[in-house]
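Asks: So that you have it, the file is final_13.txt, and it contains compact mmCIF, C-alpha atoms:
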```
# COMPACT_ATOMS: atom_id res chain seq x y z
CA MET A 283 134.93 116.50 119.66
CA SER A 284 132.49 114.50 121.78
CA SER A 285 132.20 110.84 120.83
CA THR A 286 128.43 111.06 121.24
CA LEU A 287 128.22 113.56 118.36
CA LYS A 288 125.06 115.28 119.52
CA PHE A 289 123.43 117.28 116.76
CA SER A 290 121.02 120.18 116.74
CA LEU A 291 121.08 120.34 112.95
CA THR A 292 117.84 119.99 110.98
CA SER A 293 118.94 120.05 107.37
CA SER A 294 120.13 116.75 105.86
CA LEU A 295 122.71 118.69 103.86
CA GLU A 296 124.01 120.29 107.07
CA VAL A 297 124.23 116.87 108.70
CA PHE A 298 126.29 115.42 105.89
CA GLN A 299 128.54 118.45 105.68
CA TYR A 300 129.06 118.30 109.44
CA LEU A 301 129.75 114.57 109.23
CA TYR A 302 132.11 115.26 106.36
CA ASP A 303 134.29 117.42 108.62
CA TYR A 304 134.37 114.65 111.19
CA CYS A 305 135.05 111.99 108.53
CA VAL A 306 138.12 113.85 107.33
CA GLN A 307 139.57 114.05 110.84
CA LEU A 308 138.68 110.46 111.65
CA TYR A 309 139.81 108.96 108.36
CA LYS A 310 142.91 110.99 107.53
CA GLY A 311 144.10 112.37 110.86
CA GLN A 312 145.25 115.90 111.57
CA ASN A 313 147.43 116.18 108.45
CA VAL A 314 144.44 117.14 106.32
CA GLN A 315 142.82 120.58 106.49
CA VAL A 316 139.19 120.23 107.48
CA PRO A 317 137.12 122.27 105.02
CA LYS A 318 134.54 124.75 106.17
CA ARG A 319 130.93 123.70 105.89
CA THR A 320 129.88 125.71 102.85
CA HIS A 321 128.36 124.72 99.53
CA SER A 322 128.18 120.99 98.67
CA LEU A 323 130.37 121.54 95.59
CA VAL A 324 133.21 122.51 97.91
CA CYS A 325 132.69 119.28 99.83
CA ASP A 326 132.74 117.28 96.61
CA ARG A 327 135.99 118.95 95.54
CA GLN A 328 137.63 118.30 98.91
CA ALA A 329 136.45 114.68 98.88
CA SER A 330 138.02 114.23 95.44
CA ASN A 331 141.31 115.59 96.74
CA ILE A 332 141.26 113.19 99.69
CA GLN A 333 140.68 110.24 97.34
CA LYS A 334 143.76 111.22 95.33
CA LYS A 335 145.93 111.52 98.47
CA SER A 336 144.80 108.32 100.20
CA THR A 337 147.23 105.39 100.09
CA SER A 338 145.26 102.72 101.96
CA GLY A 339 141.54 103.35 101.73
CA MET A 340 140.13 99.82 102.00
CA ARG A 341 137.52 99.43 104.70
CA TRP A 342 135.12 96.71 105.82
CA THR A 343 131.79 98.52 105.64
CA VAL A 344 129.09 95.86 106.05
CA HIS A 345 128.65 92.81 108.26
CA LEU A 346 125.35 90.94 108.04
CA GLU A 347 124.27 87.54 109.33
CA GLY A 348 121.54 85.17 108.20
CA GLY A 349 122.78 84.42 104.68
CA PRO A 350 123.22 80.89 103.29
CA ARG A 351 125.29 78.80 105.70
CA ARG A 352 127.67 77.23 103.20
CA VAL A 353 131.21 75.83 103.10
CA ASN A 354 133.26 74.81 100.05
CA HIS A 355 130.71 76.41 97.75
CA ALA A 356 131.46 78.23 94.48
CA ALA A 357 130.25 81.68 93.46
CA VAL A 358 130.50 84.14 90.59
CA ALA A 359 129.33 87.71 89.97
CA ILE A 360 127.14 88.43 86.93
CA GLY A 361 126.22 92.09 86.71
CA GLU A 362 125.03 93.34 90.11
CA ASN A 363 124.11 89.84 91.33
CA ILE A 364 126.25 87.14 92.90
CA TYR A 365 125.27 83.50 92.35
CA SER A 366 126.42 80.96 94.94
CA PHE A 367 126.21 77.29 93.96
CA GLY A 368 126.05 74.35 96.34
CA GLY A 369 128.60 73.77 99.05
CA TYR A 370 127.81 71.96 102.25
CA CYS A 371 126.41 72.78 105.66
CA THR A 372 127.66 70.52 108.43
CA GLY A 373 125.00 68.06 109.53
CA GLU A 374 123.18 67.79 106.20
CA ASP A 375 123.06 64.52 104.23
CA TYR A 376 125.23 64.56 101.08
CA GLN A 377 124.72 60.93 100.07
CA ILE A 378 121.22 61.67 98.82
CA VAL A 379 121.33 62.90 95.22
CA ARG A 380 119.29 66.09 94.88
CA PRO A 381 119.46 69.20 92.68
CA ILE A 382 122.13 71.74 93.59
CA ASP A 383 120.83 74.83 95.39
CA ILE A 384 121.50 78.34 94.10
CA HIS A 385 121.52 81.41 96.32
CA MET A 386 121.54 84.85 94.69
CA LEU A 387 122.77 88.01 96.39
CA ASN A 388 121.52 91.37 95.16
CA THR A 389 124.58 93.50 95.87
CA VAL A 390 122.52 96.71 95.95
CA SER A 391 119.90 95.66 98.51
CA LEU A 392 122.29 93.13 100.16
CA ARG A 393 119.43 90.59 100.20
CA TRP A 394 119.92 86.87 99.64
CA PHE A 395 117.37 84.80 97.71
CA LEU A 396 117.12 81.04 97.27
CA LEU A 397 116.30 80.48 93.61
CA PRO A 398 113.46 77.97 93.24
CA PHE A 399 113.85 74.70 91.38
CA ASP A 400 110.53 74.81 89.54
CA ASP A 401 110.51 71.52 87.62
CA PRO A 402 111.32 68.46 89.74
CA SER A 403 110.64 65.99 86.94
CA GLU A 404 113.25 63.32 86.28
CA GLN A 405 113.82 64.55 82.73
CA SER A 406 114.72 68.09 83.83
CA PHE A 407 116.94 66.76 86.62
CA GLU A 408 119.17 65.10 84.03
CA ASN A 409 120.44 68.55 83.06
CA VAL A 410 120.79 69.81 86.65
CA PRO A 411 123.97 69.16 88.68
CA PHE A 412 123.57 67.31 91.94
CA GLN A 413 124.27 69.08 95.23
CA ARG A 414 128.06 69.13 95.66
CA TYR A 415 131.14 70.77 97.14
CA GLY A 416 134.69 71.33 95.86
CA HIS A 417 133.44 72.39 92.41
CA THR A 418 134.18 75.55 90.41
CA VAL A 419 132.04 78.07 88.52
CA VAL A 420 133.02 80.75 86.01
CA GLY A 421 131.01 83.49 84.34
CA PHE A 422 131.00 84.01 80.58
CA GLY A 423 128.62 86.74 79.50
CA GLU A 424 125.35 86.00 81.28
CA LEU A 425 126.05 82.27 81.51
CA VAL A 426 127.64 80.37 84.39
CA TYR A 427 129.61 77.17 83.74
CA LEU A 428 129.90 74.67 86.59
CA TRP A 429 132.41 71.83 86.51
CA GLY A 430 133.73 69.17 88.87
CA GLY A 431 133.11 68.75 92.57
CA ARG A 432 131.69 65.85 94.54
CA ASN A 433 129.15 64.64 97.06
CA ASP A 434 129.70 61.83 99.55
CA ASN A 435 129.24 59.24 96.80
CA GLY A 436 131.90 60.49 94.40
CA ALA A 437 133.20 63.19 92.05
CA CYS A 438 131.88 64.43 88.70
CA ASN A 439 133.34 65.62 85.38
CA VAL A 440 130.15 66.69 83.60
CA LEU A 441 129.87 70.29 82.37
CA TYR A 442 126.73 72.23 83.27
CA CYS A 443 125.53 75.66 82.16
CA PHE A 444 123.23 77.98 84.11
CA ASP A 445 121.48 80.86 82.30
CA THR A 446 121.12 83.80 84.69
CA ASN A 447 118.30 85.27 82.57
CA THR A 448 116.02 82.22 82.45
CA HIS A 449 117.35 80.49 85.59
CA LYS A 450 117.48 77.25 83.59
CA TRP A 451 120.18 74.56 83.54
CA SER A 452 121.54 72.81 80.47
CA GLN A 453 124.21 70.20 79.84
CA PRO A 454 126.26 71.32 76.81
CA ALA A 455 127.49 68.60 74.48
CA VAL A 456 131.29 68.63 74.65
CA VAL A 457 134.03 66.94 72.62
CA GLY A 458 137.77 66.51 73.01
CA VAL A 459 139.89 65.32 75.93
CA ILE A 460 137.61 65.62 78.96
CA PRO A 461 139.37 65.95 82.36
CA ALA A 462 138.88 63.14 84.85
CA ALA A 463 136.38 63.65 87.68
CA ARG A 464 137.85 65.63 90.57
CA ASP A 465 137.28 68.16 93.30
CA GLY A 466 139.48 70.86 94.84
CA HIS A 467 140.66 72.04 91.42
CA SER A 468 140.66 75.66 90.24
CA SER A 469 139.30 77.41 87.17
CA CYS A 470 139.39 80.82 85.52
CA ILE A 471 138.43 82.52 82.26
CA ILE A 472 141.02 83.84 79.79
CA GLN A 473 139.51 85.16 76.55
CA HIS A 474 136.88 82.54 75.57
CA TYR A 475 138.54 79.64 77.35
CA MET A 476 137.79 78.10 80.73
CA TYR A 477 141.05 76.80 82.21
CA ILE A 478 141.13 73.96 84.75
CA PHE A 479 144.18 73.22 86.87
CA GLY A 480 145.01 70.64 89.54
CA GLY A 481 142.60 69.11 92.02
CA TYR A 482 142.23 65.61 93.43
CA GLU A 483 141.25 62.96 90.88
CA GLU A 484 138.63 60.56 92.18
CA VAL A 485 139.34 57.38 90.21
CA ALA A 486 143.15 57.57 90.09
CA ASP A 487 143.27 58.70 93.74
CA ILE A 488 146.01 61.24 93.01
CA PHE A 489 146.69 64.96 93.08
CA SER A 490 146.81 66.56 89.63
CA GLN A 491 149.09 69.14 88.03
CA ASP A 492 147.43 68.96 84.62
CA VAL A 493 146.04 71.90 82.67
CA PHE A 494 142.89 71.59 80.56
CA ARG A 495 140.92 74.24 78.79
CA LEU A 496 137.44 74.37 77.30
CA ASN A 497 136.69 76.48 74.24
CA LEU A 498 133.36 78.07 75.21
CA TYR A 499 132.51 78.76 71.56
CA THR A 500 133.06 75.26 70.20
CA MET A 501 132.65 73.31 73.50
CA THR A 502 135.91 71.47 72.83
CA TRP A 503 138.07 70.23 75.70
CA GLN A 504 141.84 70.26 75.20
CA TYR A 505 144.66 68.85 77.31
CA ILE A 506 147.42 71.49 77.36
CA VAL A 507 151.00 70.38 76.86
CA THR A 508 152.98 73.00 78.74
CA LYS A 509 156.64 74.03 78.75
CA GLY A 510 158.84 74.79 81.72
CA THR A 511 158.58 73.45 85.25
CA PRO A 512 154.87 73.06 86.08
CA ALA A 513 153.20 74.02 89.31
CA ARG A 514 153.28 71.12 91.78
CA TRP A 515 150.45 68.63 92.24
CA ARG A 516 147.88 70.16 94.56
CA ASP A 517 144.26 70.72 95.50
CA PHE A 518 142.28 73.56 97.11
CA HIS A 519 144.58 76.20 95.62
CA SER A 520 143.50 79.21 93.56
CA SER A 521 143.93 80.22 89.95
CA SER A 522 143.43 83.84 88.90
CA ALA A 523 143.54 85.40 85.45
CA ILE A 524 145.45 88.64 84.93
CA GLY A 525 145.67 89.38 81.22
CA SER A 526 146.86 86.23 79.45
CA LYS A 527 148.45 84.75 82.58
CA MET A 528 146.94 82.22 84.99
CA TYR A 529 148.39 82.72 88.49
CA ILE A 530 148.45 79.69 90.80
CA PHE A 531 148.82 80.16 94.54
CA GLY A 532 148.69 77.92 97.60
CA GLY A 533 146.88 74.64 97.99
CA ARG A 534 147.71 71.34 99.62
CA GLY A 535 150.37 69.10 98.12
CA ASP A 536 152.21 65.98 99.27
CA ARG A 537 155.90 65.24 99.66
CA GLN A 538 155.27 62.07 97.65
CA GLY A 539 154.29 64.17 94.64
CA GLN A 540 150.96 63.20 93.15
CA PHE A 541 150.18 60.52 95.74
CA HIS A 542 148.20 61.28 98.89
CA SER A 543 150.32 59.92 101.76
CA ARG A 544 149.11 62.59 104.26
CA ASP A 545 152.66 63.98 104.36
CA GLU A 546 151.30 67.38 103.41
CA VAL A 547 153.10 70.34 101.86
CA TYR A 548 151.82 73.93 101.87
CA CYS A 549 153.84 75.94 99.38
CA ASN A 550 153.65 79.74 99.23
CA ARG A 551 155.54 80.14 95.94
CA LEU A 552 153.57 81.93 93.25
CA VAL A 553 153.67 80.50 89.72
CA TYR A 554 151.86 81.44 86.54
CA LEU A 555 151.11 79.92 83.17
CA ASP A 556 151.62 82.24 80.21
CA THR A 557 148.76 81.09 78.01
CA LEU A 558 150.24 82.78 74.93
CA THR A 559 153.24 80.43 74.98
CA MET A 560 151.87 77.75 77.37
CA THR A 561 155.00 78.20 79.50
CA TRP A 562 155.18 77.95 83.27
CA VAL A 563 157.00 80.86 84.95
CA HIS A 564 158.20 81.00 88.56
CA PRO A 565 158.74 84.72 89.29
CA GLU A 566 161.18 85.86 91.95
CA THR A 567 158.90 87.81 94.25
CA LYS A 568 159.75 90.49 96.78
CA GLY A 569 158.11 91.54 99.99
CA PRO A 570 156.32 89.47 102.66
CA ALA A 571 154.50 86.59 100.96
CA PRO A 572 151.50 84.86 102.56
CA ILE A 573 152.22 81.74 104.60
CA GLY A 574 151.43 78.56 102.67
CA ARG A 575 147.72 77.72 102.88
CA ARG A 576 144.80 76.04 101.20
CA SER A 577 141.08 76.79 100.89
CA HIS A 578 141.76 80.53 100.76
CA SER A 579 140.09 83.12 98.55
CA ALA A 580 141.81 84.85 95.63
CA PHE A 581 140.43 87.77 93.66
CA VAL A 582 141.78 90.23 91.12
CA PHE A 583 141.15 93.96 91.46
CA GLN A 584 142.74 96.58 89.22
CA ASN A 585 145.09 93.94 87.77
CA GLN A 586 146.50 93.01 91.16
CA LEU A 587 146.06 89.68 92.94
CA TYR A 588 144.62 89.53 96.45
CA ILE A 589 144.71 86.55 98.84
CA PHE A 590 142.44 86.29 101.88
CA GLY A 591 142.22 83.69 104.64
CA GLY A 592 142.77 79.96 104.27
CA TYR A 593 144.16 77.13 106.38
CA ASN A 594 147.48 75.39 107.03
CA GLY A 595 147.01 71.78 108.14
CA LEU A 596 150.56 71.40 109.44
CA THR A 597 150.02 74.05 112.10
CA ASP A 598 146.20 73.69 112.29
CA ARG A 599 146.00 77.44 111.73
CA HIS A 600 143.27 79.47 110.06
CA PHE A 601 144.10 82.85 108.55
CA GLY A 602 142.21 86.13 108.42
CA ASP A 603 144.87 88.23 106.68
CA LEU A 604 144.79 90.00 103.32
CA TYR A 605 147.77 90.14 100.95
CA LYS A 606 148.26 91.89 97.62
CA TYR A 607 150.55 90.90 94.78
CA ASN A 608 151.56 93.43 92.12
CA PRO A 609 152.56 91.56 88.93
CA GLU A 610 154.34 94.63 87.52
CA THR A 611 156.77 94.83 90.43
CA ASN A 612 156.58 91.16 91.54
CA ARG A 613 156.01 92.42 95.06
CA TRP A 614 153.83 91.04 97.84
CA SER A 615 152.50 93.37 100.54
CA VAL A 616 150.20 93.10 103.53
CA VAL A 617 146.99 95.09 103.10
CA GLU A 618 145.93 96.99 106.20
CA VAL A 619 142.16 97.22 106.13
CA LYS A 620 140.11 99.54 108.30
CA GLY A 621 136.93 98.49 110.02
CA ARG A 622 135.87 95.23 111.62
CA GLY A 623 136.47 92.34 109.24
CA PRO A 624 135.70 88.63 109.17
CA CYS A 625 137.27 86.15 111.55
CA ALA A 626 140.01 83.81 110.36
CA ARG A 627 138.45 81.13 108.16
CA ARG A 628 138.69 78.83 105.16
CA ARG A 629 136.49 77.69 102.27
CA GLN A 630 134.65 81.01 101.95
CA CYS A 631 133.83 82.80 98.69
CA CYS A 632 134.92 86.25 97.50
CA CYS A 633 133.40 88.06 94.50
CA VAL A 634 134.23 91.49 93.07
CA VAL A 635 131.40 93.81 91.98
CA GLY A 636 132.49 97.28 90.98
CA GLY A 637 134.71 98.63 93.74
CA ASN A 638 133.41 96.24 96.40
CA ILE A 639 134.48 92.74 97.39
CA PHE A 640 131.75 90.51 98.85
CA LEU A 641 132.93 87.75 101.20
CA PHE A 642 130.54 85.14 102.58
CA GLY A 643 130.39 81.74 104.20
CA GLY A 644 133.25 79.42 105.05
CA THR A 645 134.20 77.69 108.29
CA SER A 646 136.44 78.42 111.27
CA PRO A 647 137.29 77.02 114.72
CA SER A 648 134.19 76.90 116.89
CA PRO A 649 133.79 78.96 120.05
CA GLY A 650 132.50 77.19 123.13
CA GLY A 651 128.84 76.34 123.49
CA ILE A 652 128.11 75.51 119.84
CA VAL A 653 126.87 71.98 119.04
CA LEU A 654 128.84 70.77 116.02
CA PRO A 655 128.25 67.63 113.94
CA THR A 656 131.03 66.23 111.76
CA PRO A 657 131.44 67.94 108.35
CA PRO A 658 131.21 65.69 105.25
CA ASP A 659 134.84 66.30 104.24
CA ALA A 660 136.39 66.18 107.72
CA GLU A 661 140.01 65.04 107.81
CA ILE A 662 142.40 63.84 110.48
CA GLY A 663 143.71 66.84 112.40
CA ASP A 664 140.74 69.08 111.66
CA SER A 665 139.71 71.06 114.71
CA ALA A 666 136.03 71.48 115.64
CA LEU A 667 134.65 73.90 113.06
CA MET A 668 131.69 76.28 112.84
CA ASP A 669 130.08 77.04 109.49
CA HIS A 670 129.29 80.69 108.73
CA SER A 671 126.23 82.40 107.28
CA ASP A 672 127.69 85.89 107.31
CA LEU A 673 128.34 88.49 104.63
CA TYR A 674 131.11 91.09 104.67
CA VAL A 675 131.62 93.91 102.19
CA LEU A 676 135.11 95.28 101.60
CA ASP A 677 134.94 98.73 100.01
CA THR A 678 138.18 99.36 98.12
CA PHE A 679 137.77 103.10 98.58
CA PRO A 680 134.64 104.18 100.43
CA SER A 681 133.02 107.38 99.26
CA LEU A 682 132.27 110.33 101.47
CA LYS A 683 128.64 109.22 101.47
CA THR A 684 129.58 105.74 102.71
CA LEU A 685 131.82 107.14 105.45
CA CYS A 686 129.01 109.42 106.59
CA MET A 687 126.53 106.54 106.70
CA LEU A 688 129.00 104.48 108.74
CA LEU A 689 129.17 107.31 111.28
CA VAL A 690 125.39 107.51 111.42
CA ILE A 691 125.32 103.75 112.13
CA GLU A 692 128.20 103.77 114.61
CA HIS A 693 126.85 106.63 116.71
CA GLN A 694 123.15 105.78 116.22
CA LEU A 695 122.36 109.26 114.97
CA ASP A 696 118.84 110.44 114.18
CA GLN A 697 118.07 109.57 110.55
CA ASN A 698 114.78 111.42 110.20
CA CYS A 699 116.40 114.42 108.51
CA LEU A 700 118.22 112.27 105.94
CA PRO A 701 116.93 111.66 102.40
CA LYS A 702 114.75 108.58 101.99
CA VAL A 703 117.23 106.86 99.68
CA VAL A 704 120.02 107.29 102.26
CA ARG A 705 117.81 105.85 105.01
CA TRP A 706 117.08 102.89 102.73
CA GLU A 707 120.79 102.27 102.18
CA ILE A 708 121.50 102.43 105.91
CA GLU A 709 118.71 99.95 106.54
CA ALA A 710 120.16 97.58 103.91
CA MET A 711 123.61 97.84 105.55
CA THR A 712 122.26 96.95 108.99
CA THR A 713 119.41 94.47 108.42
CA ASN A 714 120.33 90.79 108.63
CA ASN A 715 119.12 88.25 106.11
CA SER A 716 116.91 85.29 107.06
CA ILE A 717 118.02 82.50 104.71
CA SER A 718 119.68 80.33 107.36
CA ARG A 719 118.78 79.31 110.89
CA PRO A 720 121.01 80.13 113.89
CA LEU A 721 123.36 77.37 115.02
CA PRO A 722 122.14 75.29 117.98
CA THR A 723 123.85 76.06 121.29
CA MET A 724 124.36 74.08 124.47
CA GLY A 725 122.43 74.91 127.62
```
With the file now loaded, output its structure as structure tokens.

Replies:
Amino acid sequence: MSSTLKFSLTSSLEVFQYLYDYCVQLYKGQNVQVPKRTHSLVCDRQASNIQKKSTSGMRWTVHLEGGPRRVNHAAVAIGENIYSFGGYCTGEDYQIVRPIDIHMLNTVSLRWFLLPFDDPSEQSFENVPFQRYGHTVVGFGELVYLWGGRNDNGACNVLYCFDTNTHKWSQPAVVGVIPAARDGHSSCIIQHYMYIFGGYEEVADIFSQDVFRLNLYTMTWQYIVTKGTPARWRDFHSSSAIGSKMYIFGGRGDRQGQFHSRDEVYCNRLVYLDTLTMTWVHPETKGPAPIGRRSHSAFVFQNQLYIFGGYNGLTDRHFGDLYKYNPETNRWSVVEVKGRGPCARRRQCCCVVGGNIFLFGGTSPSPGGIVLPTPPDAEIGDSALMDHSDLYVLDTFPSLKTLCMLLVIEHQLDQNCLPKVVRWEIEAMTTNNSISRPLPTMG
């Protein structure tokens, strides 16, 4: 079959049925019988059979530029929208106290929007978090709870709530044992509790291995006394909820334990807290585990844990790999993803919406010719880094329709015969956003 895929077809149904034949050969190889181009119901039935037979269907389907250029931000999906809070962009001033910015991604249109801060009065600003990085956000219903993080002046331990319906901030009154101010911690939701683990405590100047939880009904903080051997002191790790268990992976520790001597440790042992018994468990895992790293992304899909990217300071290495952990078998495996994916990076965000994973932002080693100021959280040994404004979509199992649209895009086929809604989707998949400005270059 010619790679140019020249068509003399006029019917949009014929085009998609013809593309379907090609998709099957391209996506599954010669082991699958290519169906004849007959009625669309036959195509649907064959597509269903292919979905059942496929063993590794993940594919990067979208790559767009021009989104918010952010590093060390925090994001959460509420319905079909993703809300990204704060973070930094190298070269901006983070000593000035100003309201945190919120960018919202419509995952249908793939458009980013900067939500306006309508009321700049001093009274309203009291309930609005300052611009920060190293914080966490979790979604509970249609509310987003933000905790922790820092700017260049210091860290914070105030709880804030953002209502995604009204776009208003509030500062809930909390009681109990409130965690000390920190950044680089992790958080997740189990039932109606927000769990906080680890991080770097500002005042004590130490890494933490403490567990706190906030009852989101009563707004009561509680320090959790756990049993078993706890996860080591660390920051910039991940915590992920699967059922009643909080899985901790990665992060940066120190050979001196809780003290920061710059003798760093990057552990790749997985550990979880059983929140029913408050017991730490260190499972014996099988398969190839990810190399120790920090500032990676972790997400849960179909009750399995995925790890993407991150950074190891001992080797000054950024990662662009994807691993999967199955808690039923205690097995790690490398996920082979089709399509062109993101470059190796750290401090990006990943959010799951339906069967898609949306990855955006982060930072990675800079190519030549880019003018780079010093990031606000630069450390000894950091290589010159470039902040990203891109968006990638990982489709966990792309539909026949998606595969056909990818072929239309790849081979620049005539779209005039396609339905209007399909043309709109193709345009959304290929049109960059315009939230951020391009990076300055030399020469």

Asks: Within 10 Å of (120.9, 90.7, 98.6) (file coordinates; only C-alpha atoms), which protein or nucleic acid residues are there? I'd like them as an NGL selection string.

Replies: :A and (349 or 362-364 or 385-395 or 673 or 710 or 715)

Asks: Could you tell me, as a list in words, which residues have any atom at most 12 Å from (151.0, 65.4, 90.6), counting only C-alpha atoms?

Replies: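 Protein, DNA and RNA residues close to (151.0, 65.4, 90.6): Phe479, Gly480, Gly481, Tyr482, Glu483, Ala486, Asp487, Ile488, Phe489, Ser490, Gln491, Asp492, Val493, Pro512, Ala513, Arg514, Trp515, Arg516, Asp517, Arg534, Gly535, Asp536, Arg537, Gln538, Gly539, Gln540, Phe541 and His542 of chain A.
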
Asks: What is the distance, in Å and to one decimal place, between atom CA of Arg544 of chain A and atom CA of Pro570 of chain A?

Replies: 27.9 Å

Asks: Between A:Phe407, A:Trp562, A:Tyr415, A:Trp342, which has the minimum distance to Tyr370 of chain A (counting only C-alpha atoms)?

Replies: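 Closest to Tyr370 of chain A, using only C-alpha atoms: A:Tyr415.
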
Asks: So which residues touch Ser520 of chain A within 7 Å, counting all atoms listed in the file, skipping near sequence neighbours fewer than 5 positions away, as a short mmCIF file (atom, residue, chain, number, x, y, z; two decimals) with C-alpha atoms, in the coordinates of the input?

Replies:
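As written to disk, out_7.cif reads:
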```cif
data_model
loop_
_atom_site.label_atom_id
_atom_site.label_comp_id
_atom_site.auth_asym_id
_atom_site.auth_seq_id
_atom_site.Cartn_x
_atom_site.Cartn_y
_atom_site.Cartn_z
CA SER A 468 140.66 75.66 90.24
CA ILE A 530 148.45 79.69 90.80
CA PHE A 531 148.82 80.16 94.54
CA GLY A 532 148.69 77.92 97.60
CA ALA A 580 141.81 84.85 95.63
#
```

Asks: How many Å separate atom CA of Ile472 of chain A from atom CA of Lys527 of chain A?

Replies: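 Separation between atom CA of Ile472 of chain A and atom CA of Lys527 of chain A: 8.0 Å.
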
Asks: Quick one: pull the distance between atom CA of Pro565 of chain A and atom CA of Tyr593 of chain A, Å, one decimal.

Replies: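 Interatomic distance here is 23.7 Å.
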
Asks: Give me the residues within 10 Å of Gly416 of chain A as a compact mmCIF listing (two decimals) with C-alpha atoms, keeping the file's coordinate frame, counting all atoms listed in the file and dropping any in the same chain fewer than 4 places off.

Replies:
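The file below, part.txt, is the result:
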```txt
# COMPACT_ATOMS: atom_id res chain seq x y z
CA VAL A 353 131.21 75.83 103.10
CA ASN A 354 133.26 74.81 100.05
CA HIS A 355 130.71 76.41 97.75
CA ALA A 356 131.46 78.23 94.48
CA GLY A 368 126.05 74.35 96.34
CA GLY A 369 128.60 73.77 99.05
CA TYR A 370 127.81 71.96 102.25
CA TRP A 429 132.41 71.83 86.51
CA GLY A 430 133.73 69.17 88.87
CA GLY A 431 133.11 68.75 92.57
CA ARG A 432 131.69 65.85 94.54
CA ASN A 433 129.15 64.64 97.06
CA ALA A 437 133.20 63.19 92.05
CA ARG A 464 137.85 65.63 90.57
CA ASP A 465 137.28 68.16 93.30
CA GLY A 466 139.48 70.86 94.84
CA HIS A 467 140.66 72.04 91.42
CA SER A 468 140.66 75.66 90.24
CA GLY A 481 142.60 69.11 92.02
CA TYR A 482 142.23 65.61 93.43
CA ASP A 517 144.26 70.72 95.50
CA PHE A 518 142.28 73.56 97.11
CA SER A 577 141.08 76.79 100.89
CA ARG A 629 136.49 77.69 102.27
CA ASP A 659 134.84 66.30 104.24
```

Asks: Considering all atoms listed in the file, state which residue in the set A:Val563, A:Leu396, A:Ile639, A:Val344 is at the smallest distance from Asp383 of chain A.

Replies: A:Leu396

Asks: Using only C-alpha atoms, which residue out of A:Cys686, A:Val358, A:Leu695, A:Cys470 lies closest to Arg495 of chain A?

Replies: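 Smallest separation from Arg495 of chain A among the options: A:Cys470.
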
Asks: Would you pick out the contacts of Ile378 of chain A at 9 Å or less, using only C-alpha atoms, so that residues sharing its chain but fewer than 4 positions from it are not included, and give the list as a PyMOL selection string?

Replies: chain A and resi 413+433-435

Asks: Keeping only C-alpha atoms, write the selected residues to a file as a short mmCIF file (atom, residue, chain, number, x, y, z; two decimals), in the coordinates of the input.

Replies:
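Saved the output as part-v2.cif:
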```
data_model
loop_
_atom_site.label_atom_id
_atom_site.label_comp_id
_atom_site.auth_asym_id
_atom_site.auth_seq_id
_atom_site.Cartn_x
_atom_site.Cartn_y
_atom_site.Cartn_z
CA GLN A 413 124.27 69.08 95.23
CA ASN A 433 129.15 64.64 97.06
CA ASP A 434 129.70 61.83 99.55
CA ASN A 435 129.24 59.24 96.80
#
```

Asks: Given 6 Å on each side, where is the centre and what are the edge lengths in Å to one decimal of the axis-aligned box enclosing the listed atoms of segment 387-397 of chain A, as lines of an AutoDock Vina configuration file?

Replies:
```
center_x = 120.4
center_y = 88.6
center_z = 96.9
size_x = 20.3
size_y = 28.2
size_z = 18.6
```

Asks: What lies within 8 Å of segment 452-462 of chain A using only C-alpha atoms, ignoring chain neighbours under 6 positions off, as an NGL selection string?

Replies: :A and (409-410 or 439-444 or 483-485 or 494 or 501-505)

Asks: Check the smallest atom-to-atom distance from each of A:Gly621, A:Gly574, A:Pro411, A:Pro647 to Tyr427 of chain A using only C-alpha atoms, then report the winner.

Replies: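 Counting only C-alpha atoms, the residue closest to Tyr427 of chain A is A:Pro411.
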
Asks: Give the answer as one residue: which of A:Trp451, A:Tyr499, A:Phe642, A:Tyr554 has the shortest atom-to-atom distance to His670 of chain A, using only C-alpha atoms?

Replies: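 Residue with the minimum atom-to-atom distance to His670 of chain A: A:Phe642.
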
Asks: From the set A:Cys438, A:Val379, A:Cys549, A:Val426, which residue has the shortest atom-to-atom contact distance to Leu596 of chain A, counting only C-alpha atoms?

Replies: A:Cys549
